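*Asks:* Provided herewith is a single structure, encoded as structure tokens, for subsequent inquiry.
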Amino acid sequence: MRKTLRRSWERLQRQNQERPARWLGTALVALFLFLVLIGPFLPLSPQYRSRAADIFLLCVIYSIIALGLNSVTGYTGLLDLGIVAFASIGAYTATILYDRPWMQFPGSFLVVLLVGGLHAALWGLLRGAPTLRLSGDYYAIVTFAFAEIVRIFIRTEGWLTGGGNGFKNFPAINLFGARLIEGEYQGILKTSGYWEYPHGGVWHGGTAGFYYLSLVLLILTVVVMYRLEDSRTGRAWFAMKADETSAAACGINLSAYKLYAFAISAFFAGVGGALLGFKMNVVSTNVFDFWFSVVVLCGVVLGGMGSIPGVIAGTFIVYGLGELLREQVRIGGIVLQVDDRARFLFFGILLVLVMVFRPQGLFPRRPVEESKKLAVEYDSPLYRLGR
Amino acid sequence: MSLLILSDVHAGYGKMEVLHGIDLYADEGEIVTLIGANGAGKTTTLNAICGLVRITEGTVTFRGREITNWPTKDIVRLGMTQVPEGRKLFSELTVRENLEMGAYLRKDREGVRRDMEYVFELFPRLRERAGQLAGSLSGGEQQMCAIARALMARPQLLLLDEPSLGLAPLLVEQIFEILQRLNADGTTLLLVEQNARMALEIADRAYVMETGRIIMQGPAKELIHDPRVRSAYLGEP
Ligand SMILES: Nc1ncnc2c1ncn2[C@@H]1O[C@H](COP(=O)(O)OP(=O)(O)OP(=O)(O)O)[C@@H](O)[C@H]1O
Ligand SMILES: [Mg+2]
């Protein structure tokens, strides 16, 4: 990790020397990180503060899911159209478990998140094992079909999952005594559609504690992803993505590494889905539907498949924009608002623009031009051969 | 005993049989070439040898062990690597990383470091491009990188599928010189080529393949003068 950081810092400095305008980019990234860090405490009026924190939190949680998706679609190159399956398995598992009387102990919230993720990972393996030989469209169809199976199971097995209504209004959530989510909304619903809360940094029943827990989990996810990318496993994934024959000819066990990617992907999607369920205070197939997968994928493609900063940026753009488009704009006496379904139109336009002008995504993992310009040698993680 | 022996190998895709009983061998230190028209089954033969295409009948023996339908990774571990048709580099990895992937199964760091030097010596161009993404190399550089990557596994037997494909004549010469040097350094080569003349010039023995069968075989120096080979594969009257 230290090495990775040092390397990116050196690269950054080199680039900045070449093109001073880069400092602007660096400053923007720093500003963005700072805003995310103080998410619940932005200096805004209470109404906007809770709304902004809400949007940031949503983006943080979806980033975890998107990074999960990225470890299959970005690293192994298999198109996954059913990430929602794992998010909903995680969400339902965690919320069902958290309701049990024997789950009431100090760290239980973390336990249900973990179990939600592991349960999703199990299904990732179960879905992956029979599909190891599939690729391209065929694989995508299976992922889509599996997500539908999960959705239909949830809708029909009401005794376990609450059926079409799902679960709502979870009890208050504590972690080692700290309040993460208020049991019932204690705020006052304003006519504008916002909840206003008596104490600062609180929105939709979630506290700053929940925000920072989610942020820490995102950071952990990012660390894990960087470590994976820079390991034998990551190399094997990128090799398989480029060409399976060559990868096999290098002695890579294709099946094992694919299964590994499936499990990792489902795990993080499951943890993210569980967080999302608690955050929204509702777990239902109305939220976890096909479009869920599409929008997450949209963020990944937009930002740059396989690129960790890209995936996060893409997710923030897609969900940030998505939420902003819910806002009403008043010009004079006229109220403008985008129809809820029409928001997808904007994603479509955005995606088309990016595909035309930057087909590798906004922040690709390793831009080709750059690699040509900076044909530098560096320490290799496999054998540490450099220098 | 020969390093590699195929005896009566049948293989194909799904129900369609493509190889109808291939008999072939390669002795240690030899260059053996396999020539034939498009669609004769040369690529299929190489893939069947290294476990990428399922063999339905017959056996493959390598270093005295029967390896029929072994998982590819185990065959690689035993000392056989393929340079696949059409290069197929790992485009999102750098040249250096591609070479390291070739050494994926090796644990001897020192040996890997030495072999990396060795392939950089064989292909100085790759050293210049070590930090560049493989996807951004030119076709010739990619072919060098593909060969170099296979060498990093330090194979006893190297299977090459049309290494001269799409290269300028000068580069083809260069690649063939390198292949000869490799052979002199102790690697046995099984070379599939469209460029039959060059292949026959450097090979010890040759096989001619047609629709899934070996139709001719013998010392390369003899086949190069065979009238049938001359008219069918060397484009001479
Ligand atoms: N993946 C595949 N699925 C089905 N049939 C295939 C497949 N690959 C090759 N074939 C068929 O097998 C036969 C032999 O193909 P192969 O690729 O081995 O030929 P080749 O001798 O390598 O030809 P070339 O010189 O053009 O590379 C051809 O008829 C081809 O159509
Ligand atoms: Mg071929």
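By order in the structure tokens, chains are A, B, ...; within a chain, residues start at 1; ligands start at 1, following the order shown.
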Could you produce a table of the residues of chain B lying within 12 Å of ligand 2, with the nearest pair of atoms per residue and their separation in Å rounded to one decimal, using only C-alpha atoms and all ligand atoms, ordered by chain and increasing residue number, as a Markdown table?
*Replies:*
```
| residue | atom | partner | partner_atom_place_in_ligand_line | distance |
| --- | --- | --- | --- | --- |
| B:Leu34 | CA | ligand 2 | 1 (Mg) | 10.7 |
| B:Ile35 | CA | ligand 2 | 1 (Mg) | 10.0 |
| B:Gly36 | CA | ligand 2 | 1 (Mg) | 9.4 |
| B:Ala37 | CA | ligand 2 | 1 (Mg) | 9.2 |
| B:Asn38 | CA | ligand 2 | 1 (Mg) | 6.9 |
| B:Gly39 | CA | ligand 2 | 1 (Mg) | 6.9 |
| B:Ala40 | CA | ligand 2 | 1 (Mg) | 8.1 |
| B:Gly41 | CA | ligand 2 | 1 (Mg) | 6.9 |
| B:Lys42 | CA | ligand 2 | 1 (Mg) | 5.5 |
| B:Thr43 | CA | ligand 2 | 1 (Mg) | 4.0 |
| B:Thr44 | CA | ligand 2 | 1 (Mg) | 7.2 |
| B:Thr45 | CA | ligand 2 | 1 (Mg) | 9.1 |
| B:Leu46 | CA | ligand 2 | 1 (Mg) | 8.9 |
| B:Asn47 | CA | ligand 2 | 1 (Mg) | 9.8 |
| B:Val83 | CA | ligand 2 | 1 (Mg) | 11.7 |
| B:Pro84 | CA | ligand 2 | 1 (Mg) | 9.0 |
| B:Glu85 | CA | ligand 2 | 1 (Mg) | 6.3 |
| B:Gly86 | CA | ligand 2 | 1 (Mg) | 8.9 |
| B:Arg87 | CA | ligand 2 | 1 (Mg) | 11.9 |
| B:Leu160 | CA | ligand 2 | 1 (Mg) | 10.3 |
| B:Asp161 | CA | ligand 2 | 1 (Mg) | 6.7 |
| B:Glu162 | CA | ligand 2 | 1 (Mg) | 7.2 |
| B:Pro163 | CA | ligand 2 | 1 (Mg) | 10.7 |
| B:Leu165 | CA | ligand 2 | 1 (Mg) | 10.2 |
| B:Leu191 | CA | ligand 2 | 1 (Mg) | 11.3 |
| B:Val192 | CA | ligand 2 | 1 (Mg) | 7.9 |
| B:Glu193 | CA | ligand 2 | 1 (Mg) | 8.5 |
| B:Gln194 | CA | ligand 2 | 1 (Mg) | 8.9 |
| B:Met209 | CA | ligand 2 | 1 (Mg) | 11.7 |
```
*Asks:* So which residues touch range 3-10 of chain B within 6 Å, counting only C-alpha atoms, skipping near sequence neighbours fewer than 6 positions away, as number ranges by chain?
*Replies:* B: 19-28, 55-63
*Asks:* Which one of B:Ala130, B:Val208, B:Leu99, B:Ile67 sits closest to chain A if you count only C-alpha atoms?
*Replies:*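 Checking each candidate against chain A, we get B:Ala130 as the closest.
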*Asks:* Which residue gives the smallest distance to ligand 1 among B:Gln82, B:Asn98, B:Ser231, B:Thr211, with only C-alpha atoms and all ligand atoms counted?
*Replies:* B:Thr211
*Asks:* What residues in chain B lie within 7 Å of chain A, counting only C-alpha atoms, written as a PyMOL selection string?
*Replies:* chain B and resi 72-73+76-77+81-82+84+88-92+101-102+104-105+109+113+129-133+136
*Asks:* Could you state the separation of CA of Thr187 in chain B and CA of Ile31 in chain B in Å, given to one decimal place?
*Replies:*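 Atom-to-atom, CA of Thr187 in chain B to CA of Ile31 in chain B, that is 8.7 Å.
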*Asks:* CA of Leu189 in chain B and CA of Leu157 in chain B, how far apart in Å?
*Replies:* 5.8 Å
*Asks:* Among the residues of range 153-280 of chain A, find those DSSP assigns to strand (DSSP E or B) from the backbone and print them as number ranges by chain.
*Replies:* A: 167-168, 173-175, 178-181, 188-189, 195-196, 203, 206
*Asks:* Dump C-alpha atoms for the selected residues as a short mmCIF file (atom, residue, chain, number, x, y, z; two decimals), in the first residue's frame?
*Replies:*
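result.cif, written as the output of this step:
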```cif
data_model
loop_
_atom_site.label_atom_id
_atom_site.label_comp_id
_atom_site.auth_asym_id
_atom_site.auth_seq_id
_atom_site.Cartn_x
_atom_site.Cartn_y
_atom_site.Cartn_z
CA PHE A 167 -39.47 -4.62 5.09
CA LYS A 168 -39.87 -1.10 6.33
CA ILE A 173 -29.61 0.72 15.11
CA ASN A 174 -26.70 1.02 17.48
CA LEU A 175 -23.09 0.06 17.16
CA ALA A 178 -23.44 4.77 19.29
CA ARG A 179 -26.70 5.53 17.54
CA LEU A 180 -26.42 4.87 13.79
CA ILE A 181 -30.01 5.13 12.73
CA ILE A 188 -40.36 17.05 10.99
CA LEU A 189 -41.51 16.54 7.42
CA TRP A 195 -37.07 15.98 6.85
CA GLU A 196 -35.65 18.44 9.25
CA TRP A 203 -30.98 12.97 7.86
CA GLY A 206 -29.43 8.13 9.90
#
```
*Asks:* Which polymer residues have any atom within 6 Å of an atom of range 100-116 of chain A, counting only C-alpha atoms, with same-chain residues fewer than 6 positions away left out, as a ChimeraX atom specification?
*Replies:* /A:90,93-94,175-176,270-271
*Asks:* Return the single residue from A:Arg51, A:Leu362, A:Gly25, A:Arg6 that is closest to Leu324 in chain A, with distances computed using only C-alpha atoms.
*Replies:* A:Arg51
*Asks:* Quick one: pull the distance between CA of Ala206 in chain B and CA of Thr188 in chain B, Å, one decimal.
*Replies:* 13.7 Å
*Asks:* Pick from A:Gly332, A:Phe146, A:Glu323, A:Phe357: nearest to Phe344 in chain A, with only C-alpha atoms counted?
*Replies:*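 Checking each candidate against Phe344 in chain A, we get A:Glu323 as the closest.
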*Asks:* Counting only C-alpha atoms, what is within 7 Å of Ser71 in chain A, bar same-chain residues fewer than 4 positions away, as a list in words?
*Replies:*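 In the requested form, the answer reads Leu67, Tyr75, Ala261 and Ser265 of chain A.
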*Asks:* Atoms to include: all heavy atoms. Write the selected residues as a short mmCIF file (atom, residue, chain, number, x, y, z; two decimals), in the first residue's frame.
*Replies:*
```
data_model
loop_
_atom_site.label_atom_id
_atom_site.label_comp_id
_atom_site.auth_asym_id
_atom_site.auth_seq_id
_atom_site.Cartn_x
_atom_site.Cartn_y
_atom_site.Cartn_z
N LEU A 67 -17.81 -0.98 -6.82
CA LEU A 67 -16.48 -1.60 -6.79
C LEU A 67 -16.62 -3.12 -6.81
O LEU A 67 -15.78 -3.81 -7.39
CB LEU A 67 -15.71 -1.14 -5.55
CG LEU A 67 -15.16 0.29 -5.65
CD1 LEU A 67 -14.61 0.75 -4.31
CD2 LEU A 67 -14.10 0.39 -6.73
N TYR A 75 -12.36 -6.22 -14.04
CA TYR A 75 -11.10 -6.97 -13.97
C TYR A 75 -11.11 -8.20 -14.87
O TYR A 75 -10.13 -8.49 -15.53
CB TYR A 75 -10.80 -7.38 -12.53
CG TYR A 75 -10.53 -6.21 -11.61
CD1 TYR A 75 -10.69 -6.30 -10.24
CD2 TYR A 75 -10.10 -4.99 -12.12
CE1 TYR A 75 -10.45 -5.23 -9.39
CE2 TYR A 75 -9.86 -3.91 -11.29
CZ TYR A 75 -10.03 -4.04 -9.93
OH TYR A 75 -9.79 -2.98 -9.12
N ALA A 261 -13.11 -14.07 -8.35
CA ALA A 261 -13.67 -12.77 -8.72
C ALA A 261 -15.17 -12.73 -8.44
O ALA A 261 -15.68 -11.73 -7.91
CB ALA A 261 -13.41 -12.49 -10.20
N SER A 265 -16.79 -10.07 -5.83
CA SER A 265 -17.77 -9.15 -6.37
C SER A 265 -19.07 -9.21 -5.58
O SER A 265 -19.61 -8.20 -5.14
CB SER A 265 -18.02 -9.50 -7.84
OG SER A 265 -19.17 -8.88 -8.31
#
```
*Asks:* Select, from A:Tyr260, A:Tyr211, A:Phe288, A:Phe86, the residue with the minimum atom-to-atom distance to Gly166 in chain A, counting only C-alpha atoms.
*Replies:* A:Phe288
*Asks:* Using DSSP assignments from the backbone, pull out every residue in range 91-176 of chain A that falls under alpha helix (DSSP H) and give it to me as number ranges by chain.
*Replies:* A: 91-98, 108-128, 136-156, 158-161
*Asks:* Identify which of the residues B:Lys107, B:Arg228, B:Lys221, B:Arg213 lies closest to ligand 1, counting only C-alpha atoms and all ligand atoms when measuring atom-to-atom distances.
*Replies:*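 Selected residue with least distance to ligand 1: B:Arg213.
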